[in-house]
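Data block for target-v7.tsv (TSV, C-alpha atoms):
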```tsv
chain	number	residue	atom	x	y	z
Z	1028	MET	CA	17.74	-14.35	-16.17
Z	1029	THR	CA	14.96	-16.96	-16.10
Z	1030	LEU	CA	11.37	-16.04	-15.43
Z	1031	THR	CA	8.64	-18.55	-14.64
Z	1032	GLU	CA	5.63	-18.07	-16.87
Z	1033	PRO	CA	2.55	-17.36	-14.69
Z	1034	SER	CA	-0.75	-19.04	-15.40
Z	1035	PRO	CA	-3.27	-17.15	-17.56
Z	1036	ASN	CA	-5.64	-16.98	-14.59
Z	1037	THR	CA	-3.00	-15.24	-12.47
Z	1038	ASN	CA	-2.36	-12.68	-15.19
Z	1039	MET	CA	-6.07	-12.04	-15.65
Z	1040	ALA	CA	-6.58	-11.57	-11.90
Z	1041	LEU	CA	-3.77	-9.02	-11.72
Z	1042	GLU	CA	-4.97	-7.14	-14.81
Z	1043	ASP	CA	-8.46	-6.92	-13.34
Z	1044	LEU	CA	-7.07	-5.64	-10.05
Z	1045	LEU	CA	-4.88	-3.08	-11.83
Z	1046	SER	CA	-7.88	-1.83	-13.79
Z	1047	GLN	CA	-9.72	-1.24	-10.52
Z	1048	ILE	CA	-6.72	0.50	-8.94
Z	1049	ARG	CA	-6.17	2.79	-11.90
Z	1050	ALA	CA	-9.84	3.74	-11.90
Z	1051	CYS	CA	-9.84	4.39	-8.13
Z	1052	ARG	CA	-11.09	7.84	-7.06
Z	1053	MET	CA	-11.80	7.18	-3.39
Z	1054	CYS	CA	-9.50	10.00	-2.25
Z	1055	LYS	CA	-10.93	12.60	-4.62
Z	1056	GLY	CA	-11.33	15.85	-2.71
Z	1057	HIS	CA	-8.61	14.87	-0.22
Z	1058	ILE	CA	-5.65	14.98	-2.62
Z	1059	PRO	CA	-4.74	17.32	-5.51
Z	1060	ALA	CA	-5.94	14.88	-8.19
Z	1061	PRO	CA	-6.18	11.08	-8.27
Z	1062	ARG	CA	-3.54	9.53	-10.52
Z	1063	PRO	CA	-2.45	6.08	-9.32
Z	1064	VAL	CA	1.16	5.35	-10.24
Z	1065	LEU	CA	2.49	1.78	-10.02
Z	1066	ARG	CA	4.24	-0.75	-12.22
Z	1067	VAL	CA	3.77	-4.45	-11.45
Z	1068	SER	CA	3.61	-7.86	-13.08
Z	1069	THR	CA	3.21	-11.46	-11.98
Z	1070	THR	CA	6.79	-12.23	-13.09
Z	1071	ALA	CA	8.49	-9.47	-11.07
Z	1072	ARG	CA	11.30	-10.78	-8.86
Z	1073	ILE	CA	11.84	-7.55	-6.89
Z	1074	LEU	CA	9.27	-5.31	-5.24
Z	1075	ILE	CA	10.07	-1.69	-4.42
Z	1076	ALA	CA	7.67	-0.55	-1.71
Z	1077	GLY	CA	7.98	3.17	-1.16
Z	1078	GLN	CA	5.78	5.87	0.33
Z	1079	ALA	CA	3.80	7.70	-2.38
Z	1080	PRO	CA	4.49	9.54	-5.64
Z	1081	GLY	CA	5.93	13.04	-5.36
Z	1082	VAL	CA	4.84	15.97	-7.47
Z	1083	ARG	CA	7.24	15.16	-10.33
Z	1084	VAL	CA	6.05	11.56	-10.50
Z	1085	HIS	CA	2.44	12.75	-10.32
Z	1086	LYS	CA	3.09	14.84	-13.45
Z	1087	SER	CA	5.06	12.18	-15.35
Z	1088	GLY	CA	3.04	9.13	-14.33
Z	1089	VAL	CA	6.30	7.18	-14.04
Z	1090	PRO	CA	7.71	6.27	-10.59
Z	1091	PHE	CA	11.07	7.61	-9.42
Z	1092	THR	CA	11.56	10.03	-12.33
Z	1093	ASP	CA	13.50	12.38	-10.06
Z	1094	PRO	CA	16.90	12.62	-8.32
Z	1095	SER	CA	15.68	10.18	-5.67
Z	1096	GLY	CA	15.17	7.63	-8.42
Z	1097	ASP	CA	18.70	8.21	-9.69
Z	1098	ARG	CA	20.07	7.53	-6.22
Z	1099	LEU	CA	17.89	4.45	-5.71
Z	1100	ARG	CA	19.04	2.95	-9.01
Z	1101	ASP	CA	22.64	3.60	-7.97
Z	1102	TRP	CA	22.01	1.92	-4.62
Z	1103	MET	CA	20.54	-1.11	-6.40
Z	1104	GLY	CA	23.21	-1.26	-9.10
Z	1105	VAL	CA	20.74	-1.21	-11.99
Z	1106	GLY	CA	20.22	1.07	-14.98
Z	1107	SER	CA	16.98	2.69	-16.08
Z	1108	ASP	CA	16.11	-0.01	-18.61
Z	1109	GLU	CA	16.29	-2.77	-16.01
Z	1110	PHE	CA	14.68	-0.64	-13.31
Z	1111	TYR	CA	11.64	0.08	-15.48
Z	1112	ASP	CA	11.25	-3.45	-16.80
Z	1113	GLU	CA	8.12	-4.36	-14.87
Z	1114	ALA	CA	8.53	-8.01	-15.84
Z	1115	CYS	CA	11.50	-7.97	-13.43
Z	1116	ILE	CA	10.94	-5.14	-10.95
Z	1117	ALA	CA	7.59	-4.14	-9.47
Z	1118	ILE	CA	7.13	-0.64	-8.02
Z	1119	ALA	CA	4.14	-0.30	-5.71
Z	1120	PRO	CA	4.17	2.51	-3.12
Z	1121	MET	CA	2.02	2.47	-0.01
Z	1122	GLY	CA	-0.11	5.22	-1.53
Z	1123	PHE	CA	-0.57	5.12	-5.29
Z	1124	CYS	CA	-1.43	8.82	-5.70
Z	1125	PHE	CA	0.41	12.05	-4.86
Z	1126	PRO	CA	-1.01	13.04	-1.44
Z	1127	GLY	CA	-0.23	16.75	-1.74
Z	1128	LEU	CA	2.11	19.05	0.17
Z	1129	ASP	CA	2.02	19.98	3.85
Z	1130	ALA	CA	2.40	23.48	5.28
Z	1131	LYS	CA	6.22	23.19	5.18
Z	1132	GLY	CA	6.31	22.16	1.53
Z	1133	GLY	CA	7.01	18.49	2.15
Z	1134	ASP	CA	4.94	15.61	0.86
Z	1135	LYS	CA	2.01	14.56	3.03
Z	1136	PRO	CA	1.83	10.94	4.21
Z	1137	PRO	CA	0.17	8.41	1.92
Z	1138	ARG	CA	-3.56	8.10	2.42
Z	1139	ARG	CA	-4.39	5.10	4.62
Z	1140	GLU	CA	-7.37	4.15	2.47
Z	1141	CYS	CA	-5.06	3.09	-0.33
Z	1142	ALA	CA	-3.16	0.33	1.46
Z	1143	ASN	CA	-6.27	-0.69	3.41
Z	1144	THR	CA	-8.21	-1.21	0.19
Z	1145	TRP	CA	-5.71	-2.57	-2.30
Z	1146	ARG	CA	-2.45	-3.79	-0.82
Z	1147	THR	CA	-3.33	-7.24	0.49
Z	1148	ASP	CA	-4.81	-8.34	-2.85
Z	1149	LEU	CA	-1.95	-6.77	-4.80
Z	1150	MET	CA	0.73	-8.50	-2.73
Z	1151	ALA	CA	-1.05	-11.84	-3.17
Z	1152	ALA	CA	-0.89	-11.35	-6.94
Z	1153	LEU	CA	2.88	-10.70	-6.88
Z	1154	SER	CA	3.76	-14.28	-6.04
Z	1155	GLY	CA	7.06	-14.22	-7.94
Z	1156	VAL	CA	8.71	-11.60	-5.73
Z	1157	LYS	CA	11.94	-12.83	-4.13
Z	1158	LEU	CA	13.21	-9.55	-2.67
Z	1159	THR	CA	11.27	-6.60	-1.22
Z	1160	LEU	CA	12.90	-3.22	-0.66
Z	1161	LEU	CA	11.05	-1.37	2.11
Z	1162	ILE	CA	11.69	2.34	1.63
Z	1163	GLY	CA	10.62	4.37	4.64
Z	1164	GLY	CA	8.47	3.80	7.68
Z	1165	TYR	CA	5.08	3.33	6.04
Z	1166	ALA	CA	6.30	0.38	3.97
Z	1167	GLN	CA	8.28	-1.05	6.87
Z	1168	LYS	CA	5.28	-0.87	9.20
Z	1169	TRP	CA	2.92	-2.59	6.75
Z	1170	HIS	CA	5.25	-5.33	5.52
Z	1171	THR	CA	7.04	-6.11	8.81
Z	1172	PRO	CA	4.56	-5.07	11.53
Z	1173	ASP	CA	6.07	-7.19	14.33
Z	1174	LEU	CA	9.59	-5.88	13.79
Z	1175	TRP	CA	8.32	-2.32	13.37
Z	1176	ALA	CA	6.42	-2.40	16.66
Z	1177	GLY	CA	9.07	-4.49	18.41
Z	1178	ARG	CA	12.84	-4.24	18.04
Z	1179	TRP	CA	12.66	-1.34	15.57
Z	1180	ASN	CA	10.46	0.68	17.96
Z	1181	GLY	CA	8.68	2.44	15.11
Z	1182	LYS	CA	11.81	4.16	13.75
Z	1183	VAL	CA	13.25	4.02	10.24
Z	1184	SER	CA	16.78	4.51	11.62
Z	1185	ASN	CA	16.41	1.42	13.80
Z	1186	ALA	CA	15.02	-0.60	10.91
Z	1187	VAL	CA	17.86	0.28	8.53
Z	1188	GLU	CA	20.54	-0.20	11.18
Z	1189	ASP	CA	19.03	-3.64	11.89
Z	1190	TRP	CA	18.94	-4.65	8.21
Z	1191	ARG	CA	20.77	-7.92	8.85
Z	1192	HIS	CA	17.87	-9.15	10.98
Z	1193	ALA	CA	14.99	-7.89	8.82
Z	1194	GLY	CA	14.18	-11.38	7.57
Z	1195	GLU	CA	14.68	-13.40	4.42
Z	1196	GLY	CA	13.78	-11.52	1.28
Z	1197	VAL	CA	13.44	-8.08	2.93
Z	1198	ILE	CA	15.79	-5.08	3.05
Z	1199	PRO	CA	14.72	-1.88	4.89
Z	1200	LEU	CA	16.02	1.36	3.41
Z	1201	PRO	CA	15.75	5.07	4.07
Z	1202	HIS	CA	14.19	7.23	1.40
Z	1203	PRO	CA	16.85	8.08	-1.23
Z	1204	SER	CA	16.05	11.78	-0.92
Z	1205	TRP	CA	18.59	14.59	-0.53
Z	1206	ARG	CA	16.82	15.28	2.77
Z	1207	ASN	CA	18.59	12.20	4.13
Z	1208	ASN	CA	22.10	13.27	3.10
Z	1209	ALA	CA	23.11	14.13	6.66
Z	1210	TRP	CA	21.66	10.85	7.96
Z	1211	LEU	CA	23.66	8.90	5.40
Z	1212	LYS	CA	26.86	10.84	6.08
Z	1213	GLN	CA	26.62	9.99	9.77
Z	1214	ARG	CA	26.34	6.27	8.97
Z	1215	PRO	CA	29.28	5.22	6.75
Z	1216	TRP	CA	28.30	1.56	7.22
Z	1217	PHE	CA	25.35	2.19	4.91
Z	1218	GLU	CA	27.71	2.60	1.96
Z	1219	THR	CA	30.41	0.15	3.03
Z	1220	ASP	CA	28.22	-2.69	4.31
Z	1221	LEU	CA	24.56	-2.41	3.36
Z	1222	LEU	CA	24.90	-1.23	-0.25
Z	1223	PRO	CA	27.19	-4.08	-1.39
Z	1224	HIS	CA	24.72	-6.51	0.18
Z	1225	LEU	CA	21.81	-4.75	-1.51
Z	1226	LYS	CA	23.48	-4.85	-4.93
Z	1227	ALA	CA	24.29	-8.54	-4.54
Z	1228	ARG	CA	20.75	-9.40	-3.46
Z	1229	VAL	CA	19.25	-7.40	-6.32
Z	1230	ARG	CA	21.49	-9.14	-8.88
Z	1231	GLY	CA	20.78	-12.51	-7.35
Z	1232	ALA	CA	17.02	-11.95	-7.50
Z	1233	LEU	CA	17.12	-10.76	-11.10
Z	1234	ASP	CA	19.48	-13.44	-12.39
Z	1235	GLY	CA	18.38	-16.34	-10.22
```

For the file at hand, write its structure as structure tokens.
Amino acid sequence: MTLTEPSPNTNMALEDLLSQIRACRMCKGHIPAPRPVLRVSTTARILIAGQAPGVRVHKSGVPFTDPSGDRLRDWMGVGSDEFYDEACIAIAPMGFCFPGLDAKGGDKPPRRECANTWRTDLMAALSGVKLTLLIGGYAQKWHTPDLWAGRWNGKVSNAVEDWRHAGEGVIPLPHPSWRNNAWLKQRPWFETDLLPHLKARVRGALDG
């Protein structure tokens, strides 16, 4: 694996931005407690764009430290060491803090203020990314707005089923939660077609 060394100015700009993000308290009073969780670097080749940290990640401060993370790593064909090497893989959800639980016990949507405030600058700093994994509708809408509003018709199922036409360097995915077990079982092509492609693209991005 060969990584291009970023310029000192690029590193400094990202470190300054990360300091601001980690100090952010704009949603205080609207969420249980601000604790931004993300792992990024200027050398990362892959970006994982999910929804927002869950309660376990909020407690640990480390993204995907739950069964969903185990499944995602299996989908990608990587182990924990490679997954958490931020020099190679960036993890930046649409909302950096745990948004709390709704009345049914599920996670609330990510706060809009987060992406509106930070995401454009953060994406500009991640210039080394070759492959972006869009997990769920919030990431798919932000990163591929024309497809989301057009041929995908605002539906995660449509986005994932249309993965071959998502564009160069982008793969839409469902959330790797147990809640999607039935969805996955009804779509055997996800395992037979999409996952081999995903694993190959991940390995190509990391080793290229």

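Here the question is which of Z:Met1039, Z:Leu1200, Z:Ala1130, Z:Ala1142 gets nearest to Z:Trp1169 using all atoms listed in the file, and that residue is Z:Ala1142.
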
What does the distance between atom CA of Z:Leu1149 and atom CA of Z:Ala1060 come to in Å, to one decimal place?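 Result for atom CA of Z:Leu1149 versus atom CA of Z:Ala1060: 22.3 Å, one decimal.
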
Write out as a ChimeraX atom specification which residues come within 8 Å of Z:His1085 when counting all atoms listed in the file, dropping same-chain ones fewer than 4 positions away. /Z:1062,1064,1080-1081,1089,1124-1125

All residues 7 Å or closer to stretch 1109-1123 of chain Z, all atoms listed in the file, same chain fewer than 4 positions away omitted, as a PDB file with C-alpha atoms, in the frame of the given file:
```
ATOM      1  CA  PRO Z1063      -2.450   6.080  -9.320  1.00  0.00           C
ATOM      2  CA  VAL Z1064       1.160   5.350 -10.240  1.00  0.00           C
ATOM      3  CA  LEU Z1065       2.490   1.780 -10.020  1.00  0.00           C
ATOM      4  CA  ARG Z1066       4.240  -0.750 -12.220  1.00  0.00           C
ATOM      5  CA  VAL Z1067       3.770  -4.450 -11.450  1.00  0.00           C
ATOM      6  CA  SER Z1068       3.610  -7.860 -13.080  1.00  0.00           C
ATOM      7  CA  THR Z1070       6.790 -12.230 -13.090  1.00  0.00           C
ATOM      8  CA  ALA Z1071       8.490  -9.470 -11.070  1.00  0.00           C
ATOM      9  CA  ARG Z1072      11.300 -10.780  -8.860  1.00  0.00           C
ATOM     10  CA  ILE Z1073      11.840  -7.550  -6.890  1.00  0.00           C
ATOM     11  CA  LEU Z1074       9.270  -5.310  -5.240  1.00  0.00           C
ATOM     12  CA  ILE Z1075      10.070  -1.690  -4.420  1.00  0.00           C
ATOM     13  CA  ALA Z1076       7.670  -0.550  -1.710  1.00  0.00           C
ATOM     14  CA  GLY Z1077       7.980   3.170  -1.160  1.00  0.00           C
ATOM     15  CA  GLN Z1078       5.780   5.870   0.330  1.00  0.00           C
ATOM     16  CA  ALA Z1079       3.800   7.700  -2.380  1.00  0.00           C
ATOM     17  CA  PRO Z1080       4.490   9.540  -5.640  1.00  0.00           C
ATOM     18  CA  VAL Z1105      20.740  -1.210 -11.990  1.00  0.00           C
ATOM     19  CA  PRO Z1137       0.170   8.410   1.920  1.00  0.00           C
ATOM     20  CA  ARG Z1138      -3.560   8.100   2.420  1.00  0.00           C
ATOM     21  CA  CYS Z1141      -5.060   3.090  -0.330  1.00  0.00           C
ATOM     22  CA  ALA Z1142      -3.160   0.330   1.460  1.00  0.00           C
ATOM     23  CA  TYR Z1165       5.080   3.330   6.040  1.00  0.00           C
ATOM     24  CA  ALA Z1166       6.300   0.380   3.970  1.00  0.00           C
ATOM     25  CA  LEU Z1233      17.120 -10.760 -11.100  1.00  0.00           C
TER      26      LEU Z1233
END
```

Selection: 10 Å around Z:Trp1102, all atoms listed in the file, excl. self and same-chain fewer than 2 positions, as a ChimeraX atom specification: /Z:1096-1100,1104-1105,1203,1218,1221-1223,1225-1226,1229

If we count all atoms listed in the file, what is near Z:Asn1185 at a cut-off of 12 Å, once residues fewer than 4 positions away on the same chain are taken out, given as a VMD selection string? chain Z and resid 1163 to 1164 1167 1174 to 1181 1189 to 1193 1199 to 1201

For the atom pair atom CA of Z:Arg1052 and atom CA of Z:Thr1092, what is the interatomic distance in Å to one decimal place? 23.4 Å

What residues have an atom no more than 12 Å from (25.9, 6.7, 6.9) in the file's own frame, counting all atoms listed in the file, and can you write them as a PyMOL selection string? chain Z and resi 1184+1187-1188+1200-1201+1207-1222

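Between Z:Ala1232 and the candidates Z:Leu1158, Z:Leu1045, Z:Met1150, Z:Ile1058, the tightest atom-to-atom separation, counting only C-alpha atoms, involves Z:Leu1158.
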
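Our summary of the geometry notes that atom CA of Z:Thr1159 is positioned 4.9 Å from atom CA of Z:Val1197.
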
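Closest to Z:Gly1155 among Z:Gly1056, Z:Gly1196, Z:Gly1088, Z:Gly1106 is Z:Gly1196, based on all atoms listed in the file.
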
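Among the candidate residues Z:Pro1126, Z:Arg1146, Z:Gly1132, Z:Thr1069, the one lying nearest to Z:Val1084 is Z:Pro1126, with distances computed using all atoms listed in the file.
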
Which is closer to Z:Pro1172 than all the others in Z:Ala1186, Z:Met1053, Z:Val1082, Z:Ile1048, using only C-alpha atoms?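 Counting only C-alpha atoms, the residue closest to Z:Pro1172 is Z:Ala1186.
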
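When only C-alpha atoms are used to compute distances to Z:Trp1145, the closest of the residues Z:Leu1041, Z:Asp1173, Z:Met1103, Z:Phe1091 turns out to be Z:Leu1041.
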